[in-house]
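This is model-v8.cif (mmCIF, C-alpha atoms and all ligand atoms).
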```cif
data_input
loop_
_atom_site.label_atom_id
_atom_site.label_comp_id
_atom_site.auth_asym_id
_atom_site.auth_seq_id
_atom_site.Cartn_x
_atom_site.Cartn_y
_atom_site.Cartn_z
CA MET A 1 40.92 9.34 18.80
CA LEU A 2 38.90 10.17 21.89
CA GLU A 3 36.07 7.78 22.51
CA ARG A 4 32.83 9.76 22.62
CA PRO A 5 30.53 9.06 25.55
CA THR A 6 27.12 7.68 24.55
CA PRO A 7 24.65 10.56 24.71
CA PRO A 8 22.10 10.03 27.52
CA THR A 9 19.28 9.96 24.99
CA LEU A 10 20.75 7.01 23.12
CA SER A 11 21.40 5.17 26.39
CA ARG A 12 17.77 5.66 27.35
CA LEU A 13 16.58 4.41 23.95
CA ALA A 14 18.75 1.33 24.25
CA ALA A 15 17.39 0.64 27.75
CA ASP A 16 13.83 1.02 26.52
CA LEU A 17 14.47 -1.39 23.65
CA ALA A 18 15.97 -3.87 26.11
CA SER A 19 12.85 -3.64 28.28
CA LEU A 20 10.64 -4.24 25.25
CA GLU A 21 12.69 -7.31 24.44
CA ALA A 22 12.42 -8.58 28.01
CA CYS A 23 8.61 -8.66 27.73
CA SER A 24 8.53 -10.05 24.16
CA GLN A 25 7.35 -6.74 22.77
CA LEU A 26 10.36 -5.84 20.67
CA ARG A 27 9.39 -5.44 17.02
CA SER A 28 11.61 -5.69 14.02
CA LEU A 29 11.10 -5.25 10.32
CA SER A 30 11.00 -8.59 8.63
CA ARG A 31 10.34 -9.73 5.12
CA ARG A 32 7.13 -11.54 4.53
CA THR A 33 7.74 -15.09 3.43
CA GLY A 34 5.28 -17.86 2.74
CA ILE A 35 1.56 -17.65 2.03
CA SER A 36 0.29 -14.34 3.32
CA LEU A 37 -2.56 -14.27 5.78
CA CYS A 38 -1.45 -10.95 7.17
CA SER A 39 -2.12 -8.47 4.40
CA ASN A 40 -5.02 -6.06 4.12
CA ASP A 41 -5.27 -6.72 0.39
CA TYR A 42 -8.68 -8.28 1.05
CA LEU A 43 -9.85 -8.37 -2.57
CA ALA A 44 -6.44 -9.59 -3.80
CA LEU A 45 -6.01 -6.61 -6.12
CA ALA A 46 -2.42 -5.63 -5.25
CA GLN A 47 -1.03 -7.49 -8.26
CA ASP A 48 -3.99 -6.85 -10.53
CA ALA A 49 -3.00 -6.24 -14.14
CA LYS A 50 -5.79 -3.69 -14.70
CA LEU A 51 -4.60 -1.62 -11.76
CA LYS A 52 -1.02 -1.65 -13.02
CA ARG A 53 -2.25 -0.72 -16.50
CA ALA A 54 -4.24 2.23 -15.11
CA LEU A 55 -1.10 3.57 -13.48
CA ILE A 56 1.03 3.16 -16.60
CA GLU A 57 -1.65 4.75 -18.78
CA ALA A 58 -1.92 7.72 -16.44
CA ILE A 59 1.82 8.32 -16.62
CA GLU A 60 1.85 7.82 -20.40
CA ALA A 61 -1.02 10.29 -20.73
CA GLY A 62 1.08 12.92 -18.99
CA ALA A 63 0.28 12.63 -15.28
CA ALA A 64 3.07 14.23 -13.26
CA VAL A 65 5.14 11.97 -11.05
CA ALA A 66 5.01 14.49 -8.20
CA SER A 67 2.33 16.81 -6.92
CA THR A 68 4.98 19.46 -6.12
CA GLY A 69 3.28 20.82 -3.02
CA SER A 70 0.39 20.88 -0.60
CA ARG A 71 -3.09 20.95 -2.14
CA LEU A 72 -3.43 24.55 -0.95
CA LEU A 73 -0.22 25.57 -2.72
CA SER A 74 0.82 23.92 -5.99
CA GLY A 75 -0.50 20.39 -5.47
CA ASN A 76 -4.19 20.64 -6.36
CA ASP A 77 -4.44 18.53 -9.51
CA THR A 78 -7.91 18.24 -11.06
CA ALA A 79 -7.47 14.45 -10.88
CA TRP A 80 -7.95 14.70 -7.11
CA GLU A 81 -10.96 16.99 -7.32
CA GLU A 82 -12.68 14.69 -9.80
CA LEU A 83 -11.86 11.61 -7.77
CA GLU A 84 -13.19 13.21 -4.59
CA GLU A 85 -16.47 13.96 -6.33
CA GLU A 86 -16.65 10.42 -7.64
CA PHE A 87 -15.93 8.97 -4.23
CA ALA A 88 -18.51 11.16 -2.51
CA ARG A 89 -21.15 10.01 -5.02
CA PHE A 90 -20.05 6.39 -4.46
CA VAL A 91 -20.62 6.47 -0.70
CA GLY A 92 -23.66 8.74 -0.88
CA ALA A 93 -22.03 11.73 0.80
CA GLU A 94 -22.20 15.37 -0.20
CA ALA A 95 -18.42 15.69 -0.41
CA ALA A 96 -15.15 13.87 0.17
CA LEU A 97 -11.57 14.95 0.82
CA PHE A 98 -8.49 12.83 0.11
CA PHE A 99 -5.68 12.55 2.66
CA SER A 100 -2.33 10.92 1.94
CA SER A 101 -2.96 8.14 4.47
CA GLY A 102 -5.68 6.80 6.71
CA TYR A 103 -3.53 7.82 9.65
CA ALA A 104 -3.40 11.43 8.42
CA ALA A 105 -7.15 11.38 7.73
CA ASN A 106 -8.06 10.16 11.22
CA VAL A 107 -5.67 12.47 13.00
CA GLY A 108 -6.88 15.33 10.81
CA VAL A 109 -10.57 14.69 11.46
CA LEU A 110 -10.39 14.12 15.21
CA SER A 111 -7.91 16.86 16.02
CA THR A 112 -9.86 19.36 13.94
CA LEU A 113 -13.47 18.64 14.80
CA ALA A 114 -13.19 18.26 18.57
CA ARG A 115 -11.94 21.14 20.69
CA LYS A 116 -10.56 21.58 24.17
CA GLY A 117 -13.45 21.05 26.59
CA ASP A 118 -15.47 18.83 24.24
CA ILE A 119 -15.95 15.15 25.11
CA ILE A 120 -15.03 12.27 22.83
CA PHE A 121 -16.48 8.84 23.57
CA SER A 122 -14.05 6.39 22.02
CA ASP A 123 -14.24 2.58 21.83
CA GLU A 124 -11.30 1.00 23.65
CA SER A 125 -10.37 -0.99 20.53
CA ASN A 126 -10.08 2.07 18.27
CA HIS A 127 -7.04 2.33 16.03
CA ALA A 128 -3.97 4.33 17.09
CA SER A 129 -4.68 6.96 14.43
CA LEU A 130 -8.04 7.74 16.05
CA ILE A 131 -6.44 7.77 19.50
CA ASP A 132 -3.70 10.14 18.37
CA GLY A 133 -6.26 12.46 16.78
CA ILE A 134 -8.20 12.50 20.02
CA ARG A 135 -5.05 13.33 21.99
CA LEU A 136 -4.21 16.20 19.66
CA SER A 137 -7.71 17.64 19.91
CA ARG A 138 -7.19 18.18 23.67
CA ALA A 139 -10.84 17.24 24.17
CA ARG A 140 -11.75 15.19 27.23
CA LYS A 141 -12.05 11.52 26.44
CA VAL A 142 -14.22 8.72 27.72
CA ILE A 143 -12.90 5.33 26.65
CA PHE A 144 -15.75 2.84 26.72
CA PRO A 145 -15.25 -0.93 26.96
CA HIS A 146 -15.29 -2.51 23.52
CA LEU A 147 -18.81 -2.16 22.05
CA ASP A 148 -20.37 -1.80 25.50
CA LEU A 149 -23.31 0.40 24.53
CA ASN A 150 -24.80 0.32 28.05
CA PHE A 151 -21.63 1.81 29.45
CA LEU A 152 -21.57 4.32 26.61
CA GLU A 153 -25.17 5.37 27.16
CA ASP A 154 -24.60 5.72 30.88
CA ARG A 155 -21.64 8.04 30.27
CA LEU A 156 -23.55 9.99 27.65
CA ARG A 157 -26.39 10.48 30.12
CA ARG A 158 -24.01 11.60 32.84
CA SER A 159 -22.48 14.12 30.47
CA ALA A 160 -25.89 15.67 29.72
CA PRO A 161 -25.35 18.81 31.87
CA GLU A 162 -22.06 19.54 30.10
CA ARG A 163 -22.43 22.41 27.65
CA CYS A 164 -19.94 21.15 25.13
CA GLU A 165 -19.91 19.17 21.91
CA LYS A 166 -19.83 15.39 22.13
CA PHE A 167 -18.47 12.86 19.68
CA ILE A 168 -18.75 9.08 19.43
CA VAL A 169 -15.91 7.42 17.54
CA VAL A 170 -15.83 3.81 16.33
CA GLU A 171 -14.50 1.60 13.57
CA SER A 172 -17.21 -0.16 11.57
CA ILE A 173 -15.09 -3.32 11.39
CA PHE A 174 -12.52 -3.35 14.16
CA SER A 175 -9.00 -3.89 12.88
CA MET A 176 -7.77 -6.18 15.64
CA GLU A 177 -11.05 -7.90 16.56
CA GLY A 178 -12.73 -8.37 13.18
CA ASP A 179 -16.09 -7.66 14.79
CA ARG A 180 -18.63 -5.06 13.77
CA ALA A 181 -19.95 -1.94 15.43
CA PRO A 182 -23.77 -1.78 15.65
CA LEU A 183 -23.97 1.46 13.70
CA LEU A 184 -27.75 1.83 13.79
CA GLU A 185 -27.82 1.65 17.58
CA LEU A 186 -24.82 3.96 17.81
CA ALA A 187 -26.49 6.47 15.49
CA GLU A 188 -29.62 6.36 17.66
CA LEU A 189 -27.56 6.94 20.80
CA ALA A 190 -25.72 9.77 19.11
CA GLN A 191 -28.95 11.41 18.08
CA LYS A 192 -30.62 10.93 21.45
CA HIS A 193 -27.70 12.49 23.31
CA GLY A 194 -26.79 15.15 20.79
CA ALA A 195 -23.44 13.62 19.88
CA ALA A 196 -21.72 13.53 16.49
CA LEU A 197 -20.90 10.05 15.17
CA ILE A 198 -17.57 9.44 13.42
CA VAL A 199 -16.97 6.07 11.74
CA ASP A 200 -13.69 4.67 10.47
CA GLU A 201 -14.55 2.31 7.60
CA ALA A 202 -10.92 1.25 6.95
CA HIS A 203 -11.60 -2.48 7.03
CA ALA A 204 -15.09 -2.36 5.57
CA THR A 205 -14.21 -0.33 2.47
CA GLY A 206 -14.43 -2.54 -0.61
CA VAL A 207 -15.52 -5.55 1.43
CA PHE A 208 -18.93 -4.78 2.95
CA GLY A 209 -22.03 -2.99 1.78
CA PRO A 210 -23.41 -2.60 -1.73
CA GLU A 211 -20.49 -2.48 -4.19
CA GLY A 212 -18.15 -2.38 -1.19
CA LYS A 213 -19.39 1.03 0.03
CA GLY A 214 -18.99 0.03 3.67
CA TRP A 215 -21.34 -0.22 6.62
CA VAL A 216 -22.42 3.41 6.83
CA ALA A 217 -23.98 3.15 3.36
CA GLU A 218 -25.30 -0.36 4.06
CA ALA A 219 -27.09 0.97 7.14
CA GLY A 220 -28.39 4.05 5.29
CA LEU A 221 -26.56 6.37 7.69
CA GLU A 222 -24.82 8.52 5.10
CA ARG A 223 -26.44 11.69 6.43
CA SER A 224 -26.41 10.64 10.10
CA VAL A 225 -22.66 10.43 10.57
CA VAL A 226 -20.65 13.61 10.69
CA ALA A 227 -17.62 12.01 9.06
CA SER A 228 -16.69 8.59 7.77
CA ILE A 229 -13.19 7.58 6.78
CA TYR A 230 -12.35 5.14 3.95
CA THR A 231 -8.77 4.00 3.49
CA CYS A 232 -7.46 3.13 0.03
CA GLY A 233 -4.45 1.10 1.20
CA LYS A 234 -6.39 -1.99 2.14
CA ALA A 235 -9.07 -3.58 -0.09
CA LEU A 236 -8.52 -0.85 -2.70
CA ALA A 237 -4.87 -1.90 -3.06
CA SER A 238 -3.66 1.70 -3.33
CA ALA A 239 -2.81 4.30 -0.67
CA GLY A 240 -4.39 7.26 1.09
CA ALA A 241 -7.89 7.76 2.46
CA PHE A 242 -11.09 9.70 1.87
CA VAL A 243 -13.03 11.53 4.53
CA ALA A 244 -16.67 11.73 3.47
CA GLY A 245 -19.40 13.94 4.85
CA SER A 246 -20.97 17.31 4.17
CA GLU A 247 -19.60 20.09 2.00
CA THR A 248 -19.14 22.14 5.19
CA LEU A 249 -17.04 19.36 6.70
CA LYS A 250 -14.85 19.27 3.60
CA GLN A 251 -14.33 23.05 3.57
CA TYR A 252 -13.58 22.99 7.27
CA LEU A 253 -10.96 20.27 6.90
CA VAL A 254 -9.35 22.08 3.96
CA ASN A 255 -9.03 25.13 6.18
CA ARG A 256 -8.22 23.57 9.52
CA ALA A 257 -6.87 20.01 9.27
CA ARG A 258 -3.14 20.34 9.71
CA THR A 259 -2.43 16.84 8.35
CA PHE A 260 -4.07 17.99 5.10
CA ILE A 261 -2.71 21.52 4.94
CA PHE A 262 0.91 20.93 5.88
CA SER A 263 1.63 17.88 3.76
CA THR A 264 2.59 17.41 0.14
CA ALA A 265 -0.35 16.20 -1.91
CA ALA A 266 -0.22 12.66 -3.24
CA PRO A 267 0.99 12.44 -6.87
CA PRO A 268 -1.73 12.71 -9.53
CA TYR A 269 -0.99 9.25 -10.98
CA LEU A 270 -2.17 7.74 -7.71
CA ALA A 271 -5.60 9.25 -8.37
CA ALA A 272 -5.75 7.21 -11.60
CA GLN A 273 -4.86 4.06 -9.69
CA ILE A 274 -7.49 4.69 -7.03
CA ARG A 275 -10.13 5.44 -9.66
CA ALA A 276 -9.36 2.12 -11.36
CA ALA A 277 -9.34 0.33 -7.98
CA LEU A 278 -12.71 1.79 -7.16
CA LYS A 279 -14.16 0.52 -10.42
CA LEU A 280 -12.67 -2.94 -9.86
CA ALA A 281 -13.91 -3.04 -6.28
CA ARG A 282 -17.43 -1.97 -7.21
CA GLU A 283 -17.66 -4.80 -9.71
CA ALA A 284 -16.01 -7.36 -7.42
CA ASN A 285 -19.06 -9.07 -5.92
CA ASP A 286 -17.46 -12.43 -6.63
CA ARG A 287 -14.29 -11.49 -4.70
CA ARG A 288 -16.33 -10.06 -1.83
CA GLU A 289 -18.35 -13.25 -1.57
CA ARG A 290 -15.21 -15.32 -1.82
CA VAL A 291 -13.24 -13.55 0.90
CA LEU A 292 -16.18 -13.61 3.29
CA SER A 293 -17.07 -17.23 2.67
CA LEU A 294 -13.42 -18.27 3.10
CA ALA A 295 -13.35 -16.32 6.37
CA THR A 296 -16.58 -17.92 7.58
CA SER A 297 -15.33 -21.44 6.96
CA LEU A 298 -11.85 -20.73 8.39
CA ARG A 299 -13.42 -19.30 11.54
CA ALA A 300 -15.67 -22.33 11.90
CA ARG A 301 -12.72 -24.69 11.51
CA LEU A 302 -10.64 -22.76 14.02
CA ARG A 303 -13.48 -22.80 16.54
CA ASP A 304 -13.98 -26.53 15.95
CA ALA A 305 -10.32 -26.90 16.86
CA ASP A 306 -11.01 -24.95 20.08
CA PHE A 307 -9.30 -21.73 19.11
CA ASP A 308 -10.81 -18.52 20.46
CA CYS A 309 -11.64 -16.20 17.55
CA GLY A 310 -13.45 -13.64 19.68
CA HIS A 311 -16.49 -12.11 18.00
CA SER A 312 -15.06 -11.91 14.51
CA VAL A 313 -17.66 -11.66 11.75
CA SER A 314 -15.38 -10.44 8.99
CA GLN A 315 -12.27 -11.22 6.97
CA ILE A 316 -10.20 -10.37 10.07
CA ILE A 317 -9.93 -13.33 12.43
CA PRO A 318 -8.05 -13.00 15.71
CA VAL A 319 -6.74 -16.14 17.35
CA LEU A 320 -6.60 -15.04 20.96
CA LEU A 321 -3.58 -16.48 22.76
CA GLY A 322 -3.05 -14.18 25.75
CA SER A 323 0.66 -13.97 26.33
CA ASN A 324 3.13 -12.22 24.05
CA GLN A 325 5.40 -15.22 24.14
CA ARG A 326 2.64 -17.58 23.08
CA ALA A 327 1.64 -15.34 20.16
CA LEU A 328 5.24 -14.95 19.05
CA SER A 329 6.00 -18.64 19.11
CA ALA A 330 2.77 -19.44 17.27
CA ALA A 331 3.67 -16.92 14.54
CA GLU A 332 7.18 -18.33 14.32
CA SER A 333 5.94 -21.89 14.09
CA LEU A 334 3.49 -20.89 11.33
CA ARG A 335 6.32 -19.16 9.50
CA ARG A 336 8.32 -22.38 9.57
CA ARG A 337 5.30 -24.15 8.12
CA GLY A 338 5.08 -21.65 5.25
CA PHE A 339 2.50 -19.09 6.44
CA ALA A 340 2.94 -15.39 7.08
CA ILE A 341 0.68 -14.55 10.03
CA ARG A 342 1.63 -11.83 12.48
CA ALA A 343 1.63 -11.86 16.25
CA ILE A 344 -0.12 -8.76 17.56
CA ARG A 345 0.97 -7.61 20.99
CA PRO A 346 0.38 -4.65 23.26
CA PRO A 347 0.18 -1.72 22.77
CA ALA A 348 -1.73 -2.58 19.58
CA VAL A 349 -4.02 -4.70 21.81
CA PRO A 350 -4.62 -4.52 25.57
CA PRO A 351 -2.14 -6.20 27.94
CA GLY A 352 -2.81 -9.95 28.02
CA GLY A 353 -4.63 -9.71 24.67
CA ALA A 354 -1.79 -10.95 22.43
CA ARG A 355 -3.05 -12.81 19.41
CA LEU A 356 -2.47 -13.92 15.91
CA ARG A 357 -4.28 -11.69 13.46
CA ILE A 358 -5.34 -13.69 10.45
CA SER A 359 -6.59 -11.63 7.56
CA VAL A 360 -8.21 -13.57 4.78
CA ASN A 361 -8.03 -12.42 1.17
CA ALA A 362 -9.90 -13.47 -1.93
CA GLY A 363 -6.77 -15.03 -3.43
CA LEU A 364 -6.63 -17.82 -0.84
CA SER A 365 -8.29 -21.22 -1.11
CA GLU A 366 -10.19 -23.55 1.21
CA GLU A 367 -7.28 -25.93 0.96
CA VAL A 368 -4.79 -23.31 2.22
CA CYS A 369 -7.16 -22.32 5.04
CA GLY A 370 -7.40 -26.00 6.02
CA ARG A 371 -3.62 -26.21 6.17
CA VAL A 372 -3.47 -23.12 8.40
CA VAL A 373 -5.81 -24.77 10.91
CA GLN A 374 -3.77 -27.94 10.74
CA ALA A 375 -0.54 -25.99 11.32
CA LEU A 376 -2.08 -24.19 14.29
CA ARG A 377 -3.24 -27.48 15.75
CA CYS A 378 0.28 -28.93 15.48
CA GLU A 379 1.71 -25.74 16.98
CA GLY A 380 -0.79 -25.92 19.84
CA ALA A 381 0.16 -29.52 20.51
CA GLU A 382 3.86 -28.58 20.53
CA ILE A 383 3.73 -25.71 22.97
CA GLY A 384 0.70 -26.89 24.95
C1 LIG B 401 -8.89 1.09 11.55
C2 LIG B 401 -7.76 1.76 10.85
N1 LIG B 401 -7.85 3.08 10.63
C3 LIG B 401 -6.87 3.74 10.01
C4 LIG B 401 -5.72 3.10 9.60
C5 LIG B 401 -4.62 3.89 8.97
O1 LIG B 401 -4.68 3.81 7.58
P1 LIG B 401 -3.39 3.96 6.70
O2 LIG B 401 -2.67 2.65 6.78
O3 LIG B 401 -3.90 4.29 5.34
O4 LIG B 401 -2.58 5.07 7.28
C6 LIG B 401 -5.58 1.74 9.81
C7 LIG B 401 -4.34 1.05 9.37
O5 LIG B 401 -4.09 -0.07 9.61
C8 LIG B 401 -6.63 1.05 10.45
O6 LIG B 401 -6.54 -0.26 10.71
#
```

How does this structure look as structure tokens?
Ligand SMILES: Cc1ncc(COP(=O)(O)O)c(C=O)c1O
Amino acid sequence: MLERPTPPTLSRLAADLASLEACSQLRSLSRRTGISLCSNDYLALAQDAKLKRALIEAIEAGAAVASTGSRLLSGNDTAWEELEEEFARFVGAEAALFFSSGYAANVGVLSTLARKGDIIFSDESNHASLIDGIRLSRARKVIFPHLDLNFLEDRLRRSAPERCEKFIVVESIFSMEGDRAPLLELAELAQKHGAALIVDEAHATGVFGPEGKGWVAEAGLERSVVASIYTCGKALASAGAFVAGSETLKQYLVNRARTFIFSTAAPPYLAAQIRAALKLAREANDRRERVLSLATSLRARLRDADFDCGHSVSQIIPVLLGSNQRALSAAESLRRRGFAIRAIRPPAVPPGGARLRISVNAGLSEEVCGRVVQALRCEGAEIG
């Protein structure tokens, strides 16, 4: 048999993978082993018996196992409409729309609201889903240094003569930094300069604000932001995401957001799971207090041991290590000591910003957190 030449595309892919490996940026899928400090299951609900029961009951009560089409075709189950209304009431918005993932929600919102010629002011630490939405919108973008409001205001001022729409986009709790956006100040800036504020509440949902409503509700900004995005795959231990805002926003997204229109709706049984998760999360003050107090004490212990945790104020604690190699060997050493903590490397963080990303959940204990610090200390001593 004739040996087929390797197509040029595959050769290029192989070369690219080799270059990723050479700079310790090659990723591979691995099974999580050991005690997890890398999951976004902040309220420790992923194995909750009530959530599982809600799913089983929904199926037993006749919920279909497939939605059978896009919401605009055959997939619009009343379960989703009811849940959207419930979620909107929960976060104090006029309306909400469910997307099948947070990624789809962010891409949908950004690519739909901003148009060619508009300007989007985006924090440099924003999640890839926001960045991709911005790219698709074809709007001009101004990336401002992480939470540098002086820089942001300066650029807003300079853009004053531009006759276009302006948007400011941030996460309320930043996914790789664990710090918090000053939403009140941002809302003031947005108002002063005629910009629309968009807030991704992915890591605040369920964890911060009254009943876990997030920072927009906590700050009383429900009617000041144009859109806020709440993922269900993290503290709500489910999947998908809501975009909350005005009724006009919802109708616009239904008509224009391609990630909503051209995608099969999530199955109706998932709506039952999310509804149950929402109820659990609202009542979970004890878990919220627990996860945040564990995070506070873990951060303090890490700082005592001279680790740099940046400006984290949440359940997400970065341990800033700088080089990819350093982050990888720290994660590997922790794995050997029984902890699942991931090394985060560029492009998820800026070059030279490699880190461990510790995410605390309510199922952990002070004792386990103490052992993590101990393990990191030993690791630090080993590799210097
Ligand atoms: C800040 C932020 N926004 C959006 C997403 C995407 O959400 P999903 O995982 O539901 O697609 C993530 C996921 O990690 C995130 O961290």

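Selection around (-9.5, -17.1, 20.4) with radius 7 Å, counting all atoms listed in the file, yields the residues Phe307, Asp308, Cys309, Gly310, Pro318, Val319, Leu320 and Leu321 of chain A.
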
Could you produce a table of the residues of chain A lying within 9 Å of ligand LIG 401 (chain B), with the nearest pair of atoms per residue and their separation in Å rounded to one decimal, using only C-alpha atoms and all ligand atoms, ordered by chain and increasing residue number, as a tab-separated table?
```
residue	atom	partner	partner_atom	distance
A:Asn40	CA	B:LIG401	O5	8.2
A:Phe99	CA	B:LIG401	O3	8.9
A:Ser100	CA	B:LIG401	O3	7.6
A:Ser101	CA	B:LIG401	O3	4.1
A:Gly102	CA	B:LIG401	O1	3.3
A:Tyr103	CA	B:LIG401	O4	3.8
A:Ala104	CA	B:LIG401	O4	6.5
A:Ala105	CA	B:LIG401	O4	7.8
A:Asn106	CA	B:LIG401	C3	6.6
A:Asn126	CA	B:LIG401	C1	6.9
A:His127	CA	B:LIG401	C1	5.0
A:Ala128	CA	B:LIG401	N1	7.6
A:Ser129	CA	B:LIG401	C3	5.9
A:Leu130	CA	B:LIG401	N1	7.2
A:Val170	CA	B:LIG401	C1	8.9
A:Glu171	CA	B:LIG401	C1	6.0
A:Ser172	CA	B:LIG401	C1	8.4
A:Ile173	CA	B:LIG401	C1	7.6
A:Phe174	CA	B:LIG401	C1	6.3
A:Ser175	CA	B:LIG401	O6	4.9
A:Met176	CA	B:LIG401	O6	7.8
A:Asp200	CA	B:LIG401	N1	6.1
A:Glu201	CA	B:LIG401	C1	7.0
A:Ala202	CA	B:LIG401	C1	5.0
A:His203	CA	B:LIG401	C1	6.4
A:Ile229	CA	B:LIG401	N1	8.0
A:Tyr230	CA	B:LIG401	C3	8.3
A:Thr231	CA	B:LIG401	O3	5.2
A:Cys232	CA	B:LIG401	O3	6.5
A:Gly233	CA	B:LIG401	O3	5.3
A:Lys234	CA	B:LIG401	O3	7.5
A:Ala239	CA	B:LIG401	O3	6.1
A:Gly240	CA	B:LIG401	O3	5.2
A:Ala241	CA	B:LIG401	O3	6.0
```

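Every protein or nucleic acid residue with an atom no more than 10 Å from Phe339 of chain A, counting only C-alpha atoms and leaving out same-chain residues fewer than 4 positions away, appears here: A:Arg32, A:Thr33, A:Gly34, A:Ile35, A:Ser36, A:Leu37, A:Cys38, A:Ala331, A:Glu332, A:Ser333, A:Leu334, A:Arg335, A:Val368, A:Arg371, A:Val372, A:Ala375.
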
Got time to write the residues from that selection, C-alpha atoms, as a PDB file, in the coordinates of the input?
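Final output, again_20.pdb:
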```pdb
ATOM      1  CA  ARG A  32       7.130 -11.540   4.530  1.00  0.00           C
ATOM      2  CA  THR A  33       7.740 -15.090   3.430  1.00  0.00           C
ATOM      3  CA  GLY A  34       5.280 -17.860   2.740  1.00  0.00           C
ATOM      4  CA  ILE A  35       1.560 -17.650   2.030  1.00  0.00           C
ATOM      5  CA  SER A  36       0.290 -14.340   3.320  1.00  0.00           C
ATOM      6  CA  LEU A  37      -2.560 -14.270   5.780  1.00  0.00           C
ATOM      7  CA  CYS A  38      -1.450 -10.950   7.170  1.00  0.00           C
ATOM      8  CA  ALA A 331       3.670 -16.920  14.540  1.00  0.00           C
ATOM      9  CA  GLU A 332       7.180 -18.330  14.320  1.00  0.00           C
ATOM     10  CA  SER A 333       5.940 -21.890  14.090  1.00  0.00           C
ATOM     11  CA  LEU A 334       3.490 -20.890  11.330  1.00  0.00           C
ATOM     12  CA  ARG A 335       6.320 -19.160   9.500  1.00  0.00           C
ATOM     13  CA  VAL A 368      -4.790 -23.310   2.220  1.00  0.00           C
ATOM     14  CA  ARG A 371      -3.620 -26.210   6.170  1.00  0.00           C
ATOM     15  CA  VAL A 372      -3.470 -23.120   8.400  1.00  0.00           C
ATOM     16  CA  ALA A 375      -0.540 -25.990  11.320  1.00  0.00           C
TER      17      ALA A 375
END
```

Minimum-distance residue to Ile134 of chain A, chosen among A:Ala96, A:Ile316, A:Ala348, A:Ile198 (using all atoms listed in the file): A:Ile198

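Ranking A:Glu162, A:Leu356, A:Asn324, A:Leu97 by their shortest atom-to-atom distance to Val254 of chain A, with all atoms listed in the file included, puts A:Leu97 first.
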
Segment 91-93 of chain A surroundings by all atoms listed in the file, 8 Å radius, close-in-sequence under 5 positions cut, as a ChimeraX atom specification: /A:213-214,217,222-223,244-246

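Residues with any atom within 7 Å of Ala66 of chain A, counting all atoms listed in the file and excluding same-chain neighbours fewer than 2 positions away, are Ala64, Thr68 and Pro267 of chain A.
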
Between atom CA of Ala305 of chain A and atom CA of Gly380 of chain A, distance in Å (one decimal): 10.0 Å

Will you give me segment 235-265 of chain A, written with C-alpha atoms and laid out as an mmCIF file, in the first residue's frame?
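Written output follows (decode_13.cif):
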```cif
data_model
loop_
_atom_site.group_PDB
_atom_site.id
_atom_site.type_symbol
_atom_site.label_atom_id
_atom_site.label_comp_id
_atom_site.auth_asym_id
_atom_site.auth_seq_id
_atom_site.Cartn_x
_atom_site.Cartn_y
_atom_site.Cartn_z
ATOM 1 C CA ALA A 235 -22.173 27.405 42.198
ATOM 2 C CA LEU A 236 -25.553 26.255 40.842
ATOM 3 C CA ALA A 237 -24.080 22.837 39.992
ATOM 4 C CA SER A 238 -26.008 22.605 36.717
ATOM 5 C CA ALA A 239 -25.257 23.971 33.237
ATOM 6 C CA GLY A 240 -26.151 26.914 31.023
ATOM 7 C CA ALA A 241 -26.507 30.604 31.832
ATOM 8 C CA PHE A 242 -29.073 33.372 32.137
ATOM 9 C CA VAL A 243 -28.742 36.802 30.625
ATOM 10 C CA ALA A 244 -30.784 39.245 32.693
ATOM 11 C CA GLY A 245 -31.886 42.744 31.781
ATOM 12 C CA SER A 246 -34.852 44.489 30.224
ATOM 13 C CA GLU A 247 -37.682 42.921 28.257
ATOM 14 C CA THR A 248 -36.341 44.741 25.178
ATOM 15 C CA LEU A 249 -32.926 43.147 25.693
ATOM 16 C CA LYS A 250 -34.523 39.710 25.907
ATOM 17 C CA GLN A 251 -36.589 40.200 22.743
ATOM 18 C CA TYR A 252 -33.542 41.536 20.942
ATOM 19 C CA LEU A 253 -31.417 38.538 21.904
ATOM 20 C CA VAL A 254 -34.184 36.126 20.876
ATOM 21 C CA ASN A 255 -34.198 37.795 17.474
ATOM 22 C CA ARG A 256 -30.533 38.517 16.956
ATOM 23 C CA ALA A 257 -28.223 36.406 19.149
ATOM 24 C CA ARG A 258 -26.925 33.695 16.875
ATOM 25 C CA THR A 259 -25.682 31.530 19.764
ATOM 26 C CA PHE A 260 -29.300 31.432 20.979
ATOM 27 C CA ILE A 261 -31.058 31.116 17.637
ATOM 28 C CA PHE A 262 -28.887 28.528 15.927
ATOM 29 C CA SER A 263 -28.473 26.067 18.772
ATOM 30 C CA THR A 264 -30.622 23.253 20.102
ATOM 31 C CA ALA A 265 -32.371 24.263 23.305
#
```
